[in-house]
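The structure file model.txt is reproduced below (compact mmCIF, C-alpha atoms and all ligand atoms).
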# COMPACT_ATOMS: atom_id res chain seq x y z
CA MET A 22 74.58 116.13 125.42
CA ASP A 23 76.92 113.64 127.11
CA ALA A 24 76.76 109.97 126.11
CA PHE A 25 75.60 107.60 128.86
CA HIS A 26 75.24 103.89 129.54
CA SER A 27 72.92 103.07 132.45
CA THR A 28 70.94 100.22 133.91
CA PHE A 29 67.43 100.72 135.29
CA HIS A 30 65.73 97.97 137.23
CA ALA A 31 62.25 96.49 137.13
CA GLN A 32 60.67 97.37 140.45
CA GLU A 33 57.15 97.86 141.70
CA VAL A 34 56.86 100.84 144.06
CA LEU A 35 53.81 101.49 146.19
CA PHE A 36 53.70 104.80 148.08
CA GLY A 37 51.13 106.16 150.51
CA ALA A 38 49.99 106.45 154.10
CA GLY A 39 48.69 103.01 155.04
CA ALA A 40 50.24 101.35 151.94
CA VAL A 41 51.71 98.53 154.03
CA ALA A 42 48.16 97.16 154.44
CA ARG A 43 48.36 95.94 150.83
CA LEU A 44 51.34 93.65 151.50
CA GLY A 45 49.22 90.48 151.89
CA GLU A 46 47.28 91.10 148.67
CA LEU A 47 50.49 91.75 146.67
CA CYS A 48 52.27 88.67 148.05
CA ALA A 49 49.21 86.53 147.21
CA ARG A 50 49.12 88.00 143.68
CA ASP A 51 52.79 87.09 143.14
CA GLY A 52 52.39 83.63 144.67
CA TYR A 53 54.74 84.11 147.66
CA ARG A 54 53.67 81.45 150.16
CA ARG A 55 56.81 80.95 152.22
CA VAL A 56 57.87 84.42 153.28
CA MET A 57 60.67 85.46 155.65
CA LEU A 58 60.86 88.81 157.48
CA CYS A 59 64.22 90.41 158.37
CA THR A 60 64.01 93.24 160.88
CA THR A 61 65.06 94.46 164.34
CA ALA A 62 63.49 94.03 167.77
CA HIS A 63 62.84 97.80 167.57
CA SER A 64 60.39 97.27 164.73
CA ARG A 65 58.34 94.81 166.76
CA ALA A 66 58.43 97.10 169.81
CA ARG A 67 57.13 99.96 167.65
CA GLY A 68 54.24 97.83 166.38
CA TYR A 69 55.42 97.52 162.77
CA VAL A 70 55.63 93.71 162.76
CA ALA A 71 52.10 92.88 163.94
CA PRO A 72 50.36 94.23 160.77
CA ILE A 73 52.77 92.23 158.61
CA GLU A 74 52.02 89.08 160.60
CA ALA A 75 48.31 89.79 160.22
CA ALA A 76 48.62 90.48 156.47
CA LEU A 77 50.60 87.35 155.67
CA GLY A 78 49.10 84.93 158.19
CA GLU A 79 50.44 81.38 157.75
CA HIS A 80 52.52 82.50 154.76
CA LEU A 81 54.95 84.34 157.06
CA LEU A 82 57.07 81.33 157.99
CA VAL A 83 59.93 82.92 159.87
CA THR A 84 60.96 86.27 161.35
CA TYR A 85 64.62 87.12 161.93
CA GLU A 86 64.76 90.00 164.43
CA HIS A 87 68.50 90.25 165.01
CA VAL A 88 69.53 92.61 162.22
CA LEU A 89 72.50 94.75 163.26
CA PRO A 90 73.97 97.94 161.76
CA HIS A 91 76.35 97.42 158.84
CA VAL A 92 75.12 93.85 158.20
CA PRO A 93 77.74 91.63 159.92
CA GLU A 94 78.47 88.36 158.11
CA LEU A 95 77.43 86.33 161.16
CA GLN A 96 73.88 87.69 161.01
CA VAL A 97 73.69 87.02 157.27
CA ALA A 98 74.78 83.41 157.85
CA GLU A 99 72.26 82.92 160.68
CA ALA A 100 69.40 84.36 158.69
CA ALA A 101 70.38 82.49 155.50
CA ALA A 102 70.33 79.21 157.48
CA LEU A 103 66.76 80.03 158.56
CA ALA A 104 65.82 80.87 154.97
CA ALA A 105 67.14 77.47 153.89
CA GLU A 106 65.48 75.61 156.76
CA HIS A 107 62.10 77.10 155.84
CA GLN A 108 62.70 77.01 152.06
CA VAL A 109 61.46 80.60 151.81
CA ASP A 110 60.34 82.05 148.49
CA ALA A 111 60.46 85.80 149.29
CA ILE A 112 62.28 87.90 151.90
CA ILE A 113 60.99 91.14 153.41
CA GLY A 114 63.42 93.74 154.76
CA LEU A 115 61.54 96.01 157.19
CA GLY A 116 63.42 98.90 158.78
CA GLY A 117 66.46 100.98 157.90
CA GLY A 118 69.19 100.27 155.38
CA SER A 119 70.58 97.50 157.58
CA SER A 120 67.33 95.48 157.55
CA ILE A 121 66.94 95.91 153.80
CA GLY A 122 70.65 95.14 153.24
CA THR A 123 70.31 91.99 155.34
CA ALA A 124 67.28 90.89 153.30
CA LYS A 125 69.29 91.40 150.07
CA ALA A 126 72.32 89.53 151.39
CA VAL A 127 70.18 86.65 152.67
CA SER A 128 68.34 86.41 149.36
CA ARG A 129 71.64 86.10 147.49
CA ALA A 130 73.15 83.65 150.02
CA TRP A 131 70.05 81.42 150.09
CA GLU A 132 69.84 81.42 146.32
CA ALA A 133 73.50 80.43 146.00
CA ARG A 134 72.87 77.57 148.43
CA ARG A 135 69.86 76.38 146.44
CA ARG A 136 72.01 76.12 143.34
CA LYS A 137 74.42 73.72 145.00
CA SER A 138 73.19 70.64 143.05
CA PRO A 139 75.74 69.76 140.32
CA ALA A 140 73.28 70.44 137.49
CA GLN A 141 72.28 73.82 138.89
CA ALA A 142 75.87 74.78 139.63
CA GLN A 143 76.78 73.96 136.05
CA ALA A 144 73.84 76.00 134.75
CA GLN A 145 74.95 78.90 136.91
CA HIS A 146 78.50 78.55 135.66
CA ALA A 147 77.26 78.76 132.08
CA HIS A 148 75.17 81.82 132.85
CA VAL A 149 76.80 85.14 132.03
CA PRO A 150 75.32 87.67 134.49
CA SER A 151 73.32 90.40 132.82
CA PRO A 152 72.72 93.82 134.40
CA ILE A 153 68.98 93.22 134.20
CA ASP A 154 68.92 89.73 135.76
CA GLN A 155 65.89 89.13 137.99
CA PRO A 156 66.16 87.55 141.44
CA LEU A 157 64.94 84.02 142.10
CA VAL A 158 64.23 84.79 145.76
CA PRO A 159 62.80 88.29 145.57
CA VAL A 160 63.28 90.96 148.21
CA ILE A 161 60.40 93.12 149.38
CA ALA A 162 61.60 96.36 151.00
CA ILE A 163 59.60 98.35 153.55
CA PRO A 164 61.83 101.27 154.61
CA THR A 165 61.40 103.12 157.90
CA THR A 166 64.35 105.53 157.44
CA TYR A 167 65.58 107.71 154.56
CA ALA A 168 68.68 105.61 153.71
CA GLY A 169 67.45 104.59 150.23
CA SER A 170 68.62 100.97 150.01
CA GLU A 171 65.12 99.92 148.90
CA MET A 172 65.74 101.31 145.40
CA THR A 173 69.26 100.02 144.72
CA PRO A 174 71.13 96.90 143.55
CA VAL A 175 73.79 97.49 146.23
CA TYR A 176 74.34 95.78 149.56
CA GLY A 177 77.24 95.69 152.01
CA ILE A 178 78.34 92.92 154.36
CA THR A 179 80.85 93.51 157.17
CA TYR A 180 83.51 90.80 157.59
CA SER A 181 85.38 90.65 160.88
CA ALA A 182 87.62 87.57 160.60
CA ASN A 183 91.32 88.05 159.74
CA GLY A 184 92.21 91.61 160.67
CA PRO A 185 90.16 94.78 161.05
CA ALA A 186 86.45 94.67 160.23
CA ARG A 187 85.83 95.44 156.57
CA LYS A 188 82.58 96.28 154.85
CA VAL A 189 82.45 94.87 151.33
CA THR A 190 79.79 96.33 149.05
CA THR A 191 78.43 94.42 146.07
CA THR A 192 76.38 95.71 143.15
CA ASP A 193 74.11 92.92 142.01
CA PRO A 194 71.00 93.44 139.86
CA GLN A 195 69.43 90.35 141.43
CA ALA A 196 69.50 92.07 144.83
CA VAL A 197 67.20 94.91 143.72
CA PRO A 198 63.97 94.74 145.73
CA ARG A 199 61.18 93.52 143.44
CA LEU A 200 58.59 95.42 145.48
CA THR A 201 59.12 98.51 147.65
CA ILE A 202 56.36 99.74 149.91
CA TYR A 203 56.76 103.29 151.24
CA ASP A 204 54.39 104.03 154.08
CA PRO A 205 55.14 107.40 155.69
CA ARG A 206 53.22 106.34 158.82
CA LEU A 207 56.12 103.97 159.57
CA THR A 208 58.44 106.99 159.84
CA LEU A 209 56.35 109.08 162.26
CA ASP A 210 58.35 107.97 165.29
CA LEU A 211 61.78 107.92 163.66
CA PRO A 212 63.71 109.79 166.41
CA PRO A 213 65.14 113.25 165.55
CA PRO A 214 68.81 112.08 165.39
CA MET A 215 67.90 109.20 163.02
CA THR A 216 65.64 111.50 160.99
CA ALA A 217 68.53 113.94 160.64
CA GLY A 218 71.31 111.41 159.98
CA THR A 219 69.45 109.26 157.46
CA GLY A 220 68.12 112.48 155.89
CA ILE A 221 71.70 113.69 155.34
CA ASN A 222 72.45 110.25 153.86
CA ALA A 223 69.68 110.93 151.31
CA VAL A 224 71.22 114.36 150.60
CA ALA A 225 74.56 112.62 150.01
CA HIS A 226 72.99 110.27 147.44
CA CYS A 227 71.70 113.29 145.52
CA ILE A 228 75.01 115.18 145.70
CA GLU A 229 77.17 112.24 144.61
CA ALA A 230 74.63 111.35 141.87
CA LEU A 231 74.85 114.91 140.50
CA TYR A 232 78.63 114.70 140.02
CA SER A 233 78.89 110.95 139.42
CA ILE A 234 81.21 109.91 136.60
CA THR A 235 78.35 107.72 135.31
CA ARG A 236 75.50 110.23 135.76
CA ASN A 237 72.60 110.11 133.30
CA PRO A 238 69.64 112.43 132.63
CA LEU A 239 67.33 110.45 134.92
CA SER A 240 69.76 110.33 137.87
CA THR A 241 70.33 114.09 137.57
CA ALA A 242 66.59 114.86 137.42
CA ALA A 243 65.88 112.57 140.38
CA ALA A 244 68.75 114.05 142.42
CA LEU A 245 67.58 117.64 141.91
CA ALA A 246 63.94 116.76 142.65
CA GLY A 247 65.10 114.81 145.71
CA LEU A 248 67.06 117.80 147.03
CA ARG A 249 64.03 120.04 146.44
CA ALA A 250 61.79 117.76 148.53
CA ILE A 251 64.42 117.21 151.23
CA ALA A 252 65.23 120.92 151.61
CA ARG A 253 61.53 121.68 152.10
CA THR A 254 60.86 118.95 154.63
CA LEU A 255 63.92 117.58 156.46
CA PRO A 256 64.06 120.45 159.01
CA ARG A 257 60.27 120.12 159.51
CA CYS A 258 60.50 116.36 160.12
CA TYR A 259 63.35 116.95 162.57
CA ALA A 260 61.36 119.59 164.47
CA ALA A 261 58.00 117.76 164.49
CA GLY A 262 58.24 114.07 163.70
CA ASP A 263 54.48 113.55 163.76
CA ASP A 264 53.85 115.90 160.80
CA LEU A 265 52.53 113.31 158.34
CA GLU A 266 52.53 115.68 155.37
CA ALA A 267 56.21 116.58 155.89
CA ARG A 268 57.10 112.93 156.55
CA ALA A 269 55.43 111.90 153.28
CA GLU A 270 57.27 114.52 151.22
CA MET A 271 60.56 113.67 152.91
CA LEU A 272 60.00 110.01 152.06
CA VAL A 273 59.40 111.04 148.44
CA GLY A 274 62.78 112.81 148.69
CA ALA A 275 64.36 109.60 149.97
CA PHE A 276 62.75 107.65 147.11
CA LEU A 277 64.15 110.12 144.56
CA ALA A 278 67.58 110.04 146.24
CA GLY A 279 67.57 106.22 146.17
CA THR A 280 66.47 106.27 142.53
CA ALA A 281 69.35 108.62 141.67
CA LEU A 282 71.80 106.41 143.58
CA ALA A 283 70.57 103.20 141.93
CA SER A 284 71.88 103.83 138.42
CA VAL A 285 75.20 105.61 139.01
CA ALA A 286 78.62 105.05 140.56
CA MET A 287 79.14 106.84 143.86
CA GLY A 288 82.42 108.55 144.80
CA LEU A 289 84.75 109.49 147.65
CA HIS A 290 82.00 110.32 150.14
CA HIS A 291 80.18 106.98 149.95
CA GLY A 292 83.41 104.99 149.78
CA LEU A 293 84.77 106.74 152.86
CA CYS A 294 81.52 106.37 154.84
CA HIS A 295 81.44 102.62 154.17
CA VAL A 296 84.97 102.28 155.51
CA LEU A 297 84.25 104.45 158.58
CA GLY A 298 81.08 102.51 159.41
CA GLY A 299 82.29 99.03 158.54
CA THR A 300 85.62 99.27 160.35
CA THR A 301 84.80 101.46 163.37
CA GLY A 302 81.05 100.80 163.74
CA ALA A 303 80.20 104.51 163.33
CA ALA A 304 76.50 104.94 162.54
CA HIS A 305 76.03 105.44 158.80
CA GLY A 306 74.06 108.68 159.24
CA ASP A 307 76.72 110.08 161.58
CA ALA A 308 79.55 109.26 159.17
CA ASN A 309 77.57 110.95 156.38
CA SER A 310 76.97 114.06 158.47
CA VAL A 311 80.62 114.49 159.37
CA MET A 312 82.09 113.80 155.94
CA LEU A 313 79.66 115.28 153.41
CA PRO A 314 80.55 119.00 153.80
CA HIS A 315 84.28 118.14 153.74
CA VAL A 316 84.04 115.91 150.66
CA MET A 317 81.88 118.47 148.85
CA ARG A 318 84.55 121.14 149.41
CA PHE A 319 87.31 118.73 148.40
CA ASN A 320 85.47 117.98 145.14
CA LEU A 321 84.31 121.54 144.47
CA GLU A 322 86.89 122.46 141.80
CA ALA A 323 85.95 119.41 139.70
CA THR A 324 82.19 119.38 140.31
CA ALA A 325 80.96 123.00 140.64
CA SER A 326 79.00 123.02 137.39
CA GLN A 327 77.14 119.81 138.34
CA ILE A 328 76.42 120.94 141.93
CA ALA A 329 75.44 124.55 141.11
CA PRO A 330 71.86 123.68 139.97
CA ALA A 331 71.25 122.14 143.40
CA ALA A 332 71.33 125.65 144.89
CA GLU A 333 68.14 126.67 143.10
CA ALA A 334 66.54 123.27 143.86
CA MET A 335 67.29 123.78 147.56
CA GLY A 336 65.72 127.24 147.53
CA LEU A 337 69.01 129.14 147.98
CA ALA A 338 69.40 132.64 146.53
CA ALA A 339 71.76 131.65 143.73
CA ALA A 340 70.44 133.48 140.64
CA GLY A 341 73.31 134.95 138.62
CA LEU A 342 76.03 133.43 140.80
CA ARG A 343 79.12 131.78 139.28
CA PRO A 344 78.86 127.95 139.45
CA ASP A 345 81.68 127.66 142.00
CA VAL A 346 79.98 130.22 144.27
CA ALA A 347 76.58 128.52 143.94
CA ALA A 348 78.14 125.10 144.62
CA ALA A 349 79.92 126.50 147.69
CA LEU A 350 76.52 127.76 148.92
CA VAL A 351 75.15 124.23 148.60
CA ALA A 352 78.03 122.82 150.67
CA HIS A 353 77.47 125.58 153.23
CA GLN A 354 73.76 124.73 153.47
CA VAL A 355 74.55 121.05 154.06
CA ALA A 356 76.97 122.04 156.86
CA GLU A 357 74.25 124.29 158.34
CA TRP A 358 71.72 121.44 158.37
CA VAL A 359 74.27 119.25 160.14
CA GLU A 360 74.81 121.94 162.77
CA GLN A 361 71.14 122.89 163.17
CA MET A 362 70.08 119.25 163.62
CA ARG A 363 72.84 118.71 166.20
CA LEU A 364 74.51 115.97 164.18
CA PRO A 365 78.17 115.15 164.80
CA ARG A 366 80.58 117.40 162.90
CA ARG A 367 83.96 115.90 163.79
CA VAL A 368 85.39 112.45 163.07
CA ARG A 369 86.45 112.19 166.72
CA GLU A 370 82.77 112.40 167.81
CA ILE A 371 81.63 109.23 166.01
CA GLY A 372 83.74 106.58 167.74
CA VAL A 373 86.89 106.76 165.58
CA ARG A 374 90.31 106.74 167.28
CA GLU A 375 93.02 109.03 165.94
CA GLU A 376 95.50 106.16 165.54
CA GLN A 377 93.01 104.49 163.16
CA LEU A 378 93.20 107.31 160.60
CA PRO A 379 96.12 105.91 158.53
CA GLU A 380 94.54 102.46 158.31
CA LEU A 381 91.11 103.89 157.45
CA SER A 382 92.71 106.05 154.76
CA ALA A 383 94.51 103.05 153.24
CA LEU A 384 91.29 100.99 153.22
CA ALA A 385 89.38 103.86 151.61
CA PHE A 386 92.10 104.40 148.99
CA ALA A 387 91.76 100.73 147.98
CA SER A 388 87.99 101.09 147.55
CA ARG A 389 86.58 101.00 144.03
CA THR A 390 83.96 103.55 145.05
CA VAL A 391 86.64 106.04 146.11
CA GLN A 392 88.45 105.45 142.83
CA ASN A 393 85.24 106.44 141.00
CA ASN A 394 85.41 109.94 142.52
CA PRO A 395 85.11 112.67 139.88
CA LYS A 396 88.23 114.40 141.21
CA PRO A 397 91.01 111.80 141.15
CA VAL A 398 92.14 110.63 144.59
CA ASP A 399 95.86 110.00 144.17
CA SER A 400 97.00 108.64 147.52
CA ALA A 401 95.94 107.39 150.93
CA GLU A 402 97.74 110.44 152.39
CA GLN A 403 95.28 112.71 150.56
CA ILE A 404 92.39 110.90 152.28
CA GLU A 405 94.16 111.06 155.63
CA ALA A 406 94.54 114.83 155.23
CA LEU A 407 90.78 115.05 154.60
CA LEU A 408 90.03 112.93 157.68
CA ARG A 409 92.41 115.04 159.79
CA ALA A 410 90.71 118.23 158.56
CA ALA A 411 87.45 116.70 159.83
CA TRP A 412 89.06 115.30 162.99
P1 LIG A 501 70.01 101.18 160.26
O1 LIG A 501 69.17 100.36 159.36
O2 LIG A 501 71.35 100.67 160.64
O3 LIG A 501 69.13 101.46 161.56
C1 LIG A 501 69.69 102.17 162.66
C2 LIG A 501 68.73 102.09 163.85
O4 LIG A 501 67.53 102.79 163.58
C3 LIG A 501 68.31 100.67 164.19
O5 LIG A 501 68.46 100.49 165.58
C4 LIG A 501 66.86 100.62 163.79
O6 LIG A 501 66.12 99.70 164.56
C5 LIG A 501 66.41 102.05 164.04
N1 LIG A 501 65.23 102.45 163.27
C6 LIG A 501 65.01 102.24 161.96
N2 LIG A 501 63.81 102.76 161.60
C7 LIG A 501 63.26 103.28 162.71
C8 LIG A 501 62.03 103.96 162.98
N3 LIG A 501 61.13 104.23 162.01
N4 LIG A 501 61.81 104.37 164.23
C9 LIG A 501 62.72 104.16 165.21
N5 LIG A 501 63.90 103.53 165.02
C10 LIG A 501 64.17 103.09 163.78
O7 LIG A 501 70.25 102.66 159.70
P2 LIG A 501 70.15 103.29 158.23
O8 LIG A 501 70.91 104.56 158.30
O9 LIG A 501 68.74 103.31 157.74
O10 LIG A 501 70.93 102.26 157.30
C11 LIG A 501 72.33 102.22 157.29
C12 LIG A 501 72.79 100.97 156.59
O11 LIG A 501 72.23 100.91 155.29
C13 LIG A 501 74.29 100.95 156.40
O12 LIG A 501 74.74 99.61 156.49
C14 LIG A 501 74.48 101.47 154.98
O13 LIG A 501 75.68 101.06 154.39
C15 LIG A 501 73.28 100.88 154.30
N6 LIG A 501 72.83 101.63 153.13
C16 LIG A 501 72.75 100.98 151.95
C17 LIG A 501 72.34 101.64 150.82
C18 LIG A 501 72.25 100.89 149.52
O14 LIG A 501 72.01 101.44 148.48
N7 LIG A 501 72.43 99.61 149.53
C19 LIG A 501 71.96 102.99 150.89
C20 LIG A 501 72.03 103.63 152.12
C21 LIG A 501 72.47 102.95 153.25
Please re-express this file's structure in structure tokens.
Amino acid sequence: MDAFHSTFHAQEVLFGAGAVARLGELCARDGYRRVMLCTTAHSRARGYVAPIEAALGEHLLVTYEHVLPHVPELQVAEAAALAAEHQVDAIIGLGGGSSIGTAKAVSRAWEARRRKSPAQAQAQHAHVPSPIDQPLVPVIAIPTTYAGSEMTPVYGITYSANGPARKVTTTDPQAVPRLTIYDPRLTLDLPPPMTAGTGINAVAHCIEALYSITRNPLSTAAALAGLRAIARTLPRCYAAGDDLEARAEMLVGAFLAGTALASVAMGLHHGLCHVLGGTTGAAHGDANSVMLPHVMRFNLEATASQIAPAAEAMGLAAAGLRPDVAAALVAHQVAEWVEQMRLPRRVREIGVREEQLPELSALAFASRTVQNNPKPVDSAEQIEALLRAAW
């Protein structure tokens, strides 16, 4: 048995078709009277905002509908100014990982602003952050994709001033959503490309959790159970988005993938995808689809024994196979899903220019996440070779 040191967060999770109807009751129970909603215009157009307005009534003080992919700093500043103006006491992120990430970033920015009085600043200075700190301005997450941010203490903000755009990710226990409401009905019209791309993002959480250098028994169990659910349902959700039973099981898969991700360090794949998305604007699901099979093969020699059990979980005929052969089967299956769901397979298809590859490789090499990869990444050139293989 390997030793481990992990942090698990206090979160309330509500799961079920129609679960979002309980939002008003839960906010009233917790005394949230000045609530902000962060989302996109898409969510309103799809009818997801109206029930939240109805549930919260006068307690929904402000809605910020300008969330953009990869959480640009400008949007965080705009939304944080609104949070301050309305003195909000809870922030809902409704939508994909970008809406939930924006809600987390705004919660942290607004809280920092509230502490600006000298006495509070001094108290904050004296406070040594603990991994189980609770937020003062809680986030409520209502996901409509499979990206998994609703379960994690991580958020990224993309900074564009002074040089190329850079996405900076922060792990902060006070950013963990206090309440997550999973309602599979909100995923019924997730379009096939978004279903596929955010589904592969959930697969990536499970894969990198399995071989994480900080894996623990719970992250491993969640990752394998997540892959089992995803393998059974992702192709079904892609083929028939209105299949509520498949959507519900796939959302369970996303919950398990997010749970696995929440307590471990990610590796090369996640670090590289953050750089690709933050600097070039590539959609997160697209970057995941292109890179995951390549990174899995790159890591295979160091991770086969951790990945091999995924073969059985994914329903592949792996009984009696050597771990490296079973792990290669898993990588092959991921590549097949990418192809079958018509996701991009080459870096050149996701809006990256060839002349950007050296700079992207250097940024990725400097990333802490990449340095946490189970197989050591020794140079930016090694990453560039990987990107060129996927070019
Ligand atoms: P996204 O949030 O950027 O959304 C992409 C598009 O999908 C948007 O236009 C959105 O309006 C639309 N959309 C969302 N739900 C929909 C629905 N049900 N129906 C129709 N359209 C819908 O995409 P994403 O892949 O969910 O999130 C990616 C972002 O989340 C990235 O910034 C990534 O870094 C971050 N992320 C963070 C974590 C974490 O742990 N913090 C985990 C995964 C991803």
List all protein, DNA and RNA residues that have any atom at most 6 Å from ligand LIG 501 (chain A), counting only C-alpha atoms and all ligand atoms, and write the list as a list of chain:residue names.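 If we count only C-alpha atoms and all ligand atoms, the neighbours of ligand LIG 501 (chain A) turn out to be A:Thr61, A:His63, A:Pro90, A:His91, A:Gly116, A:Gly117, A:Gly118, A:Ser119, A:Ser120, A:Thr165, A:Thr166, A:Ala168, A:Gly169, A:Ser170, A:Thr173, A:Val175, A:Tyr176, A:Leu207, A:Thr208, A:Asp210, A:Leu211, A:Pro212, A:Thr219, A:His295, A:His305, A:Gly306.
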With C-alpha atoms retained, could you export that selection as a PDB file, keeping the file's coordinate frame?
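Final output, saved to out.pdb:
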ATOM      1  CA  THR A  61      65.060  94.460 164.340  1.00  0.00           C
ATOM      2  CA  HIS A  63      62.840  97.800 167.570  1.00  0.00           C
ATOM      3  CA  PRO A  90      73.970  97.940 161.760  1.00  0.00           C
ATOM      4  CA  HIS A  91      76.350  97.420 158.840  1.00  0.00           C
ATOM      5  CA  GLY A 116      63.420  98.900 158.780  1.00  0.00           C
ATOM      6  CA  GLY A 117      66.460 100.980 157.900  1.00  0.00           C
ATOM      7  CA  GLY A 118      69.190 100.270 155.380  1.00  0.00           C
ATOM      8  CA  SER A 119      70.580  97.500 157.580  1.00  0.00           C
ATOM      9  CA  SER A 120      67.330  95.480 157.550  1.00  0.00           C
ATOM     10  CA  THR A 165      61.400 103.120 157.900  1.00  0.00           C
ATOM     11  CA  THR A 166      64.350 105.530 157.440  1.00  0.00           C
ATOM     12  CA  ALA A 168      68.680 105.610 153.710  1.00  0.00           C
ATOM     13  CA  GLY A 169      67.450 104.590 150.230  1.00  0.00           C
ATOM     14  CA  SER A 170      68.620 100.970 150.010  1.00  0.00           C
ATOM     15  CA  THR A 173      69.260 100.020 144.720  1.00  0.00           C
ATOM     16  CA  VAL A 175      73.790  97.490 146.230  1.00  0.00           C
ATOM     17  CA  TYR A 176      74.340  95.780 149.560  1.00  0.00           C
ATOM     18  CA  LEU A 207      56.120 103.970 159.570  1.00  0.00           C
ATOM     19  CA  THR A 208      58.440 106.990 159.840  1.00  0.00           C
ATOM     20  CA  ASP A 210      58.350 107.970 165.290  1.00  0.00           C
ATOM     21  CA  LEU A 211      61.780 107.920 163.660  1.00  0.00           C
ATOM     22  CA  PRO A 212      63.710 109.790 166.410  1.00  0.00           C
ATOM     23  CA  THR A 219      69.450 109.260 157.460  1.00  0.00           C
ATOM     24  CA  HIS A 295      81.440 102.620 154.170  1.00  0.00           C
ATOM     25  CA  HIS A 305      76.030 105.440 158.800  1.00  0.00           C
ATOM     26  CA  GLY A 306      74.060 108.680 159.240  1.00  0.00           C
TER      27      GLY A 306
END
With a distance cut-off of 8 Å and all atoms listed in the file, select the neighbouring residues of stretch 27-44 of chain A, excluding the residue or stretch itself and same-chain residues fewer than 6 positions from it, and output the selection as a VMD selection string. chain A and resid 72 to 73 76 to 77 152 to 153 163 194 197 to 206 235 237 269 283 to 285
Enumerate, as a PyMOL selection string, the protein, DNA and RNA residues whose atoms approach (76.1, 107.1, 142.9) to within 7 Å, taking into account all atoms listed in the file and the coordinate frame of the file. chain A and resi 226+229-230+233+282-288
Using all atoms listed in the file, which of A:Leu381, A:Ala260, A:Ala102, A:Leu245 sits nearest A:Pro213?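 That would be A:Ala260, the residue with the smallest distance to A:Pro213.
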Write out as a PyMOL selection string the residues lying within 12 Å of A:Val83, counting all atoms listed in the file and excluding same-chain residues fewer than 6 positions away. chain A and resi 54-60+70+73-74+77+100-113
Based on the selection just made, write C-alpha atoms of those residues as a compact mmCIF listing (two decimals), keeping the file's coordinate frame.
# COMPACT_ATOMS: atom_id res chain seq x y z
CA ARG A 54 53.67 81.45 150.16
CA ARG A 55 56.81 80.95 152.22
CA VAL A 56 57.87 84.42 153.28
CA MET A 57 60.67 85.46 155.65
CA LEU A 58 60.86 88.81 157.48
CA CYS A 59 64.22 90.41 158.37
CA THR A 60 64.01 93.24 160.88
CA VAL A 70 55.63 93.71 162.76
CA ILE A 73 52.77 92.23 158.61
CA GLU A 74 52.02 89.08 160.60
CA LEU A 77 50.60 87.35 155.67
CA ALA A 100 69.40 84.36 158.69
CA ALA A 101 70.38 82.49 155.50
CA ALA A 102 70.33 79.21 157.48
CA LEU A 103 66.76 80.03 158.56
CA ALA A 104 65.82 80.87 154.97
CA ALA A 105 67.14 77.47 153.89
CA GLU A 106 65.48 75.61 156.76
CA HIS A 107 62.10 77.10 155.84
CA GLN A 108 62.70 77.01 152.06
CA VAL A 109 61.46 80.60 151.81
CA ASP A 110 60.34 82.05 148.49
CA ALA A 111 60.46 85.80 149.29
CA ILE A 112 62.28 87.90 151.90
CA ILE A 113 60.99 91.14 153.41
Nearest to A:Ile228 among A:Leu248, A:Ser382, A:Leu82, A:Ala66, with distances taken over only C-alpha atoms: which residue is it?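 Result for the nearest residue to A:Ile228: A:Leu248.
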For A:Arg367, which residue among A:Val346, A:Ala401, A:Ser310, A:Ala323 is the nearest when counting only C-alpha atoms? A:Ser310
Atom pair atom CA of A:Glu270 / atom CA of A:Ala331: separation (Å):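 The value is 17.7 Å.
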Using all atoms listed in the file, which of the listed residues (A:Ala340, A:Ala349, A:Leu321, A:Leu297) sits closest to A:Asn309?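 When distances to A:Asn309 are compared using all atoms listed in the file, the smallest one comes from A:Leu297.
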Could you jot down the atom CA of A:Pro174 to atom CA of A:Pro314 separation for me, Å, one decimal place?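 According to the coordinates, atom CA of A:Pro174 and atom CA of A:Pro314 are separated by 26.1 Å.
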Can you pull out the residues contacting A:Pro365? Cut-off 10 Å, using all atoms listed in the file, and skip same-chain residues under 3 positions away; I want them as a PyMOL selection string. chain A and resi 214+218+306-312+359-360+362+368-371
What is the atom CA of A:Thr216 to atom CA of A:Pro256 distance in Å?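 Answer for the atom CA of A:Thr216 to atom CA of A:Pro256 separation: 9.3 Å.
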Which of these, A:Val398, A:Val88, A:Ala126, A:Ala329, has the shortest distance to A:Arg343 once you count all atoms listed in the file?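 Nearest to A:Arg343: A:Ala329.
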